[in-house]
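Q: For reference, this is data-v2.csv, and it has CSV, C-alpha atoms.
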chain,number,residue,atom,x,y,z
X,1,MET,CA,-16.1,88.4,-2.2
X,2,GLN,CA,-14.7,85.0,-3.2
X,3,ILE,CA,-11.5,83.6,-1.7
X,4,SER,CA,-9.4,81.3,-3.8
X,5,THR,CA,-8.2,78.0,-2.5
X,6,ASN,CA,-4.5,79.2,-2.6
X,7,GLN,CA,-5.4,82.3,-0.7
X,8,PHE,CA,-7.4,80.3,1.9
X,9,TYR,CA,-4.4,78.0,2.5
X,10,SER,CA,-2.0,80.9,2.6
X,11,ASN,CA,-4.0,82.9,5.1
X,12,THR,CA,-4.6,79.9,7.3
X,13,ALA,CA,-0.9,78.8,7.3
X,14,SER,CA,0.1,82.4,8.1
X,15,LEU,CA,-2.3,82.5,11.1
X,16,LEU,CA,-1.2,79.1,12.3
X,17,GLN,CA,2.4,80.2,12.1
X,18,LYS,CA,1.8,83.4,14.1
X,19,LEU,CA,-0.2,81.5,16.7
X,20,THR,CA,2.5,78.8,17.0
X,21,GLU,CA,5.3,81.4,17.3
X,22,LYS,CA,3.3,83.3,19.9
X,23,THR,CA,2.7,80.1,21.8
X,24,ASN,CA,6.4,79.2,21.6
X,25,ASP,CA,7.4,82.7,22.8
X,26,ILE,CA,5.2,82.4,25.9
X,27,GLN,CA,6.5,78.9,26.6
X,28,THR,CA,10.1,80.3,26.4
X,29,GLN,CA,9.2,83.2,28.7
X,30,ILE,CA,7.8,80.7,31.3
X,31,SER,CA,10.8,78.3,31.1
X,32,THR,CA,13.4,81.0,31.2
X,33,THR,CA,11.4,83.3,33.5
X,34,LYS,CA,12.5,86.2,31.2
X,35,LYS,CA,10.2,88.3,29.0
X,36,TYR,CA,12.8,89.1,26.3
X,37,ALA,CA,15.2,86.8,24.5
X,38,ALA,CA,16.9,89.5,22.4
X,39,PRO,CA,17.2,93.3,22.3
X,40,SER,CA,15.0,93.4,19.3
X,41,ASP,CA,12.1,92.1,21.4
X,42,ASN,CA,11.9,95.4,23.2
X,43,VAL,CA,14.5,98.0,22.5
X,44,VAL,CA,13.4,100.5,25.1
X,45,ALA,CA,13.3,97.8,27.8
X,46,TYR,CA,16.8,96.6,26.9
X,47,GLN,CA,18.1,100.2,27.1
X,48,GLN,CA,16.6,100.5,30.6
X,49,LEU,CA,18.1,97.2,31.6
X,50,ALA,CA,21.5,98.2,30.4
X,51,THR,CA,21.4,101.4,32.5
X,52,ILE,CA,20.2,99.4,35.5
X,53,LYS,CA,22.9,96.8,35.1
X,54,GLN,CA,25.6,99.5,34.9
X,55,SER,CA,24.3,101.2,38.0
X,56,ALA,CA,24.3,97.8,39.8
X,57,ALA,CA,27.9,97.1,38.7
X,58,ASP,CA,29.0,100.6,40.0
X,59,ASN,CA,27.1,100.0,43.2
X,60,THR,CA,28.8,96.6,43.7
X,61,ALA,CA,32.3,98.2,43.1
X,62,TYR,CA,31.6,101.0,45.5
X,63,ALA,CA,30.2,98.5,48.1
X,64,SER,CA,33.5,96.6,47.9
X,65,ASN,CA,35.4,99.8,48.5
X,66,VAL,CA,33.2,100.6,51.5
X,67,SER,CA,33.8,97.2,52.9
X,68,LEU,CA,37.6,97.7,52.5
X,69,ALA,CA,37.4,101.1,54.2
X,70,GLN,CA,35.4,99.7,57.0
X,71,SER,CA,38.0,97.0,57.6
X,72,LEU,CA,40.8,99.5,57.6
X,73,LEU,CA,38.9,101.8,60.1
X,74,GLN,CA,38.3,98.8,62.3
X,75,GLN,CA,42.0,98.1,62.3
X,76,SER,CA,42.7,101.7,63.0
X,77,ASP,CA,40.3,101.7,65.9
X,78,SER,CA,41.9,98.7,67.5
X,79,ALA,CA,45.5,100.0,67.0
X,80,LEU,CA,44.6,103.4,68.4
X,81,THR,CA,43.0,101.8,71.4
X,82,SER,CA,46.4,100.1,72.1
X,83,VAL,CA,48.2,103.4,71.5
X,84,GLU,CA,46.1,105.1,74.1
X,85,SER,CA,46.7,102.3,76.5
X,86,ASP,CA,50.5,102.6,76.0
X,87,LEU,CA,50.4,106.4,76.5
X,88,THR,CA,48.5,105.9,79.7
X,89,LYS,CA,51.1,103.4,80.9
X,90,ALA,CA,53.9,105.8,79.9
X,91,SER,CA,52.3,108.6,81.8
X,92,GLU,CA,52.0,106.4,84.9
X,93,LEU,CA,55.7,105.5,84.6
X,94,VAL,CA,56.7,109.2,84.3
X,95,THR,CA,54.7,110.0,87.4
X,96,GLN,CA,56.4,107.0,89.2
X,97,ALA,CA,59.8,108.3,88.1
X,98,ASN,CA,59.1,111.8,89.4
X,99,SER,CA,60.4,111.0,92.9
X,100,ASP,CA,63.7,112.0,94.5
X,101,THR,CA,63.6,108.9,96.7
X,102,LEU,CA,64.4,106.6,93.7
X,103,SER,CA,67.8,105.4,93.1
X,104,ASP,CA,69.6,105.7,89.7
X,105,ALA,CA,69.1,101.9,89.3
X,106,GLN,CA,65.4,102.3,89.8
X,107,ARG,CA,65.2,105.1,87.4
X,108,LYS,CA,67.0,103.0,84.8
X,109,THR,CA,64.5,100.2,85.3
X,110,ILE,CA,61.7,102.7,84.6
X,111,SER,CA,63.7,103.9,81.5
X,112,THR,CA,63.8,100.3,80.3
X,113,GLN,CA,60.1,100.0,80.7
X,114,LEU,CA,59.5,103.2,78.8
X,115,LYS,CA,61.7,102.0,76.0
X,116,SER,CA,59.6,98.9,75.8
X,117,VAL,CA,56.5,101.1,75.6
X,118,MET,CA,58.2,103.1,72.8
X,119,ASP,CA,59.1,99.9,70.9
X,120,ASP,CA,55.4,98.8,71.2
X,121,LEU,CA,54.3,102.2,69.9
X,122,ALA,CA,56.6,101.9,67.0
X,123,SER,CA,55.3,98.4,66.3
X,124,LEU,CA,51.7,99.7,66.4
X,125,ALA,CA,52.7,102.5,64.0
X,126,ASN,CA,54.0,100.0,61.5
X,127,THR,CA,50.9,97.8,61.7
X,128,ARG,CA,50.0,96.2,58.4
X,129,ASP,CA,46.5,96.5,57.1
X,130,ALA,CA,44.3,93.9,55.4
X,131,ARG,CA,46.1,94.7,52.1
X,132,GLY,CA,49.5,94.1,53.5
X,133,GLN,CA,50.3,97.8,53.5
X,134,PRO,CA,51.2,100.1,56.4
X,135,LEU,CA,48.0,101.0,58.3
X,136,PHE,CA,49.5,104.3,59.3
X,137,GLY,CA,51.7,104.7,56.2
X,138,ALA,CA,52.0,108.1,54.5
X,139,ALA,CA,51.4,108.6,50.8
X,140,THR,CA,55.0,107.4,50.2
X,141,GLY,CA,57.2,104.9,52.0
X,142,ASP,CA,56.9,101.2,52.8
X,143,SER,CA,56.6,101.7,56.5
X,144,ALA,CA,55.2,104.3,58.8
X,145,VAL,CA,58.2,104.7,61.1
X,146,THR,CA,61.8,103.6,61.3
X,147,LYS,CA,63.8,102.8,64.4
X,148,ASN,CA,67.3,104.2,64.1
X,149,ALA,CA,70.5,102.7,65.4
X,150,ASP,CA,70.6,105.1,68.4
X,151,GLY,CA,67.1,104.0,69.5
X,152,THR,CA,65.3,107.0,68.2
X,153,VAL,CA,62.3,106.7,65.9
X,154,SER,CA,61.7,108.7,62.7
X,155,PHE,CA,58.7,109.0,60.3
X,156,THR,CA,59.0,107.4,56.9
X,157,GLY,CA,57.4,109.0,53.9
X,158,THR,CA,55.3,112.1,53.6
X,159,GLY,CA,51.8,113.1,52.5
X,160,THR,CA,48.3,112.0,53.4
X,161,PRO,CA,47.2,108.4,52.8
X,162,ALA,CA,45.1,108.0,49.6
X,163,SER,CA,41.3,108.2,49.9
X,164,ILE,CA,39.0,105.4,48.7
X,165,PRO,CA,36.1,106.3,46.4
X,166,ILE,CA,32.8,105.2,47.9
X,167,GLY,CA,30.4,106.8,45.5
X,168,ASP,CA,30.1,109.2,42.5
X,169,GLY,CA,32.2,112.2,43.6
X,170,ALA,CA,32.5,110.8,47.2
X,171,SER,CA,35.5,109.3,48.9
X,172,ILE,CA,36.8,108.7,52.4
X,173,GLN,CA,40.2,108.5,54.0
X,174,PRO,CA,40.3,105.2,55.8
X,175,THR,CA,43.5,105.6,57.7
X,176,ASP,CA,45.8,108.4,59.1
X,177,SER,CA,49.5,108.8,58.6
X,178,ALA,CA,51.8,108.0,61.6
X,179,GLU,CA,53.0,111.6,61.6
X,180,HIS,CA,49.4,112.7,62.0
X,181,VAL,CA,48.8,110.3,64.9
X,182,PHE,CA,52.1,110.4,66.7
X,183,GLY,CA,53.6,113.7,65.6
X,184,GLY,CA,52.8,117.4,65.6
X,185,ILE,CA,52.4,117.5,69.4
X,186,ALA,CA,52.6,120.9,71.2
X,187,THR,CA,55.0,120.5,74.1
X,188,PRO,CA,56.6,123.0,76.5
X,189,GLY,CA,59.7,122.7,74.4
X,190,GLY,CA,58.0,123.2,71.1
X,191,THR,CA,56.4,120.9,68.5
X,192,SER,CA,57.5,117.2,68.9
X,193,ASP,CA,56.3,113.7,68.6
X,194,ILE,CA,55.6,110.8,71.0
X,195,PHE,CA,58.8,109.0,70.2
X,196,SER,CA,61.0,112.1,70.8
X,197,ILE,CA,59.2,112.8,74.0
X,198,LEU,CA,59.8,109.3,75.4
X,199,SER,CA,63.4,109.3,74.1
X,200,LYS,CA,64.2,112.6,75.8
X,201,PHE,CA,62.8,111.4,79.1
X,202,THR,CA,64.5,108.0,79.0
X,203,ALA,CA,67.8,109.8,78.3
X,204,ALA,CA,67.2,111.9,81.5
X,205,LEU,CA,66.5,108.8,83.5
X,206,ASP,CA,69.7,107.0,82.2
X,207,ALA,CA,71.8,110.1,83.1
X,208,GLY,CA,70.9,109.6,86.7
X,209,GLY,CA,70.0,112.2,89.4
X,210,SER,CA,66.8,114.1,89.9
X,211,VAL,CA,64.4,114.2,86.9
X,212,THR,CA,61.7,116.4,88.4
X,213,ALA,CA,61.9,119.0,85.7
X,214,ALA,CA,62.1,116.5,82.9
X,215,ALA,CA,59.2,114.5,84.4
X,216,GLY,CA,57.1,117.6,84.5
X,217,GLU,CA,57.7,118.3,80.9
X,218,ALA,CA,57.3,114.7,79.8
X,219,GLY,CA,54.0,114.4,81.8
X,220,THR,CA,52.6,117.6,80.1
X,221,SER,CA,53.8,116.4,76.7
X,222,LEU,CA,52.3,112.9,77.1
X,223,SER,CA,49.0,114.4,78.2
X,224,ALA,CA,48.9,116.5,75.0
X,225,ALA,CA,49.9,113.4,73.0
X,226,LEU,CA,47.0,111.4,74.5
X,227,THR,CA,44.6,114.2,73.7
X,228,GLN,CA,45.8,114.2,70.1
X,229,VAL,CA,45.5,110.4,69.7
X,230,THR,CA,42.0,110.5,71.3
X,231,GLY,CA,41.0,113.1,68.8
X,232,VAL,CA,42.3,111.0,65.9
X,233,HIS,CA,40.5,108.0,67.3
X,234,GLY,CA,37.2,110.0,67.5
X,235,ALA,CA,37.6,111.0,63.9
X,236,VAL,CA,38.1,107.4,62.9
X,237,GLY,CA,34.8,106.6,64.7
X,238,ALA,CA,33.0,109.3,62.9
X,239,ARG,CA,34.2,108.0,59.5
X,240,ALA,CA,33.2,104.5,60.5
X,241,ALA,CA,29.7,105.8,61.3
X,242,ARG,CA,29.5,107.6,58.0
X,243,LEU,CA,30.4,104.3,56.2
X,244,ASP,CA,27.7,102.5,58.1
X,245,LEU,CA,25.1,104.9,56.7
X,246,VAL,CA,26.6,104.7,53.2
X,247,SER,CA,26.6,100.9,53.3
X,248,SER,CA,23.0,100.9,54.4
X,249,THR,CA,22.0,103.3,51.6
X,250,MET,CA,23.9,101.1,49.1
X,251,LYS,CA,22.0,98.0,50.3
X,252,THR,CA,18.7,99.8,49.8
X,253,ALA,CA,19.7,101.0,46.4
X,254,ALA,CA,20.8,97.5,45.4
X,255,THR,CA,17.4,96.1,46.4
X,256,ASP,CA,15.6,98.8,44.5
X,257,LEU,CA,17.7,98.2,41.4
X,258,GLU,CA,17.0,94.5,41.6
X,259,ALA,CA,13.3,95.1,42.0
X,260,THR,CA,13.2,97.5,39.0
X,261,GLN,CA,15.2,95.1,36.9
X,262,SER,CA,12.9,92.2,37.8
X,263,GLY,CA,9.8,94.3,37.0
X,264,ILE,CA,11.2,95.0,33.5
X,265,GLU,CA,12.6,91.6,32.5
X,266,ASP,CA,11.0,88.9,34.7
X,267,THR,CA,8.1,86.9,33.4
X,268,ASP,CA,4.8,87.2,35.4
X,269,ILE,CA,4.3,83.4,35.5
X,270,SER,CA,0.6,83.4,36.4
X,271,THR,CA,-0.3,85.9,33.6
X,272,ALA,CA,1.9,84.0,31.1
X,273,VAL,CA,0.2,80.7,31.9
X,274,ILE,CA,-3.2,82.2,31.3
X,275,ASP,CA,-1.9,83.7,28.0
X,276,LEU,CA,-0.5,80.4,27.0
X,277,GLN,CA,-3.8,78.6,27.7
X,278,LYS,CA,-5.6,81.3,25.6
X,279,MET,CA,-3.1,80.9,22.7
X,280,SER,CA,-3.2,77.1,22.9
X,281,THR,CA,-7.0,77.2,22.7
X,282,ALA,CA,-6.9,79.6,19.8
X,283,LEU,CA,-4.3,77.4,18.0
X,284,GLN,CA,-6.2,74.2,18.5
X,285,ALA,CA,-9.5,75.9,17.3
X,286,THR,CA,-7.8,77.3,14.2
X,287,GLN,CA,-6.2,73.9,13.5
X,288,ALA,CA,-9.6,72.2,13.9
X,289,SER,CA,-11.4,74.7,11.7
X,290,PHE,CA,-8.8,74.4,9.0
X,291,THR,CA,-9.1,70.6,9.1
X,292,LYS,CA,-12.8,70.7,8.6
X,293,LEU,CA,-12.8,73.4,5.9
X,294,SER,CA,-10.0,71.8,3.9
X,295,ALA,CA,-11.9,68.5,3.9
X,296,LEU,CA,-15.0,70.1,2.2
X,297,SER,CA,-15.4,69.5,-1.6
X,298,LEU,CA,-18.0,70.3,-4.3
X,299,PHE,CA,-19.8,67.0,-3.5
X,300,ASP,CA,-20.3,68.1,0.0
X,301,TYR,CA,-22.0,71.3,-1.1
X,302,LEU,CA,-24.3,69.3,-3.5
X,303,LYS,CA,-25.6,67.0,-0.8
Transcribe the structure of this file into structure tokens.
A:
Amino acid sequence: MQISTNQFYSNTASLLQKLTEKTNDIQTQISTTKKYAAPSDNVVAYQQLATIKQSAADNTAYASNVSLAQSLLQQSDSALTSVESDLTKASELVTQANSDTLSDAQRKTISTQLKSVMDDLASLANTRDARGQPLFGAATGDSAVTKNADGTVSFTGTGTPASIPIGDGASIQPTDSAEHVFGGIATPGGTSDIFSILSKFTAALDAGGSVTAAAGEAGTSLSAALTQVTGVHGAVGARAARLDLVSSTMKTAATDLEATQSGIEDTDISTAVIDLQKMSTALQATQASFTKLSALSLFDYLK
């Protein structure tokens, strides 16, 4: 079969163009470290990458939520430790006051100390979290508790604090409402709260005279209050432990996603360099052959 001069030049030019484009593609892959420059290079790979990148974005968002929840739980842990310390101190003062040998002036001094403890507890209840919101705030209300003009303390807002999403279909409650921490305490006189318990006993101290019966009730009530706060504190620790596991799982998932993404889109430099050398050799050989063949003429054949 005979090949015309035009066809020879056309076929050779087409081959040279393909070899040049392939060489340029490999050079681009090496310089950018990426296998694909556009979705059209590999539609399936780009679809896989899109899914991976969306998963990575979701993982990053959830990881941020986990970090926030961990911060709030750490604050709760610290605040509850202080609440437990104040309740222990209050119990000691109640025990100290339960003595008929004390004068009314001494009882009023203990009352003043207990009121200071109550103020500290109210301050702890109104602790602001890392977001500037009430750490123990309810679903509604700007603060957790309010100190009234008569010295009593009341809860602000109602409802359970909002949970934070930490995964698909998973969420966690990072804080507890003040009412859950300080209220709902079973006392000999019925359900009460820490502030009411202390207010009732300080009123008895201020009134003067024996406070034996009042001290007994206050001591029992404060013991129940401490048990409740300790229980809430334990639940906070359990949620923090859960978040540690979630965080660890997320880090592993992020590493796996990154590895999968790298395997799909990153250039294998060593392999690409070898391919480039092969293509360059083929291109040079084709160019040399073309030069020699195109230089031939009828006189060359007649020699």
Q: If you take only C-alpha atoms and a cut-off of 9 Å, which residues of range 148-168 of chain X touch range 114-138 of chain X, and what are their nearest atom pairs and distances in Å to one decimal, in chain and number order, as a tab-separated table?
A:
residue	atom	partner	partner_atom	distance
X:Gly151	CA	X:Lys115	CA	8.7
X:Val153	CA	X:Ala122	CA	7.5
X:Phe155	CA	X:Ala138	CA	8.9
X:Thr156	CA	X:Ala138	CA	7.4
X:Gly157	CA	X:Ala138	CA	5.5
X:Thr158	CA	X:Ala138	CA	5.3
X:Gly159	CA	X:Ala138	CA	5.4
X:Thr160	CA	X:Ala138	CA	5.5
X:Pro161	CA	X:Ala138	CA	5.1
X:Ala162	CA	X:Ala138	CA	8.5
Q: Which residues, protein or nucleic acid, reach to within 6 Å of (43.4, 107.3, 60.8) in the file's coordinates when using all atoms listed in the file, and can you give that as a VMD selection string?
A: chain X and resid 175 to 176 236
Q: Could you give me, as a PyMOL selection string, the residues within 10 Å of range 51-54 of chain X, counting all atoms listed in the file and dropping anything in the same chain fewer than 3 positions from it?
A: chain X and resi 46-48+57-60+257-258+260-261
Q: Would you work out the distance separating CA of Val94 in chain X from CA of Thr220 in chain X, expressed in Å to one decimal?
A: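 Separating CA of Val94 in chain X from CA of Thr220 in chain X is a distance of 10.2 Å.
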Q: When distances are computed from all atoms listed in the file, which of X:Gln113, X:Asp256, X:Ala63, X:Gln70 shows the smallest separation from Ala240 in chain X?
A: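 For Ala240 in chain X, the nearest of the given residues is X:Gln70.
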Q: Just how far from CA of Ala186 in chain X is CA of Asp206 in chain X, in Å to one decimal?
A: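 Computing the Euclidean distance for CA of Asp206 in chain X and CA of Ala186 in chain X yields 24.6 Å.
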Q: Which of these, X:Ser210, X:Ser78, X:Ser248, X:Ser64, has the shortest distance to Ala97 in chain X once you count all atoms listed in the file?
A: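 Using all atoms listed in the file, the shortest distance to Ala97 in chain X belongs to X:Ser210.
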Q: Quick one, how far is CA of Lys200 in chain X from CA of Asp77 in chain X?
A: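 That distance, rounded to one decimal, is 28.1 Å.
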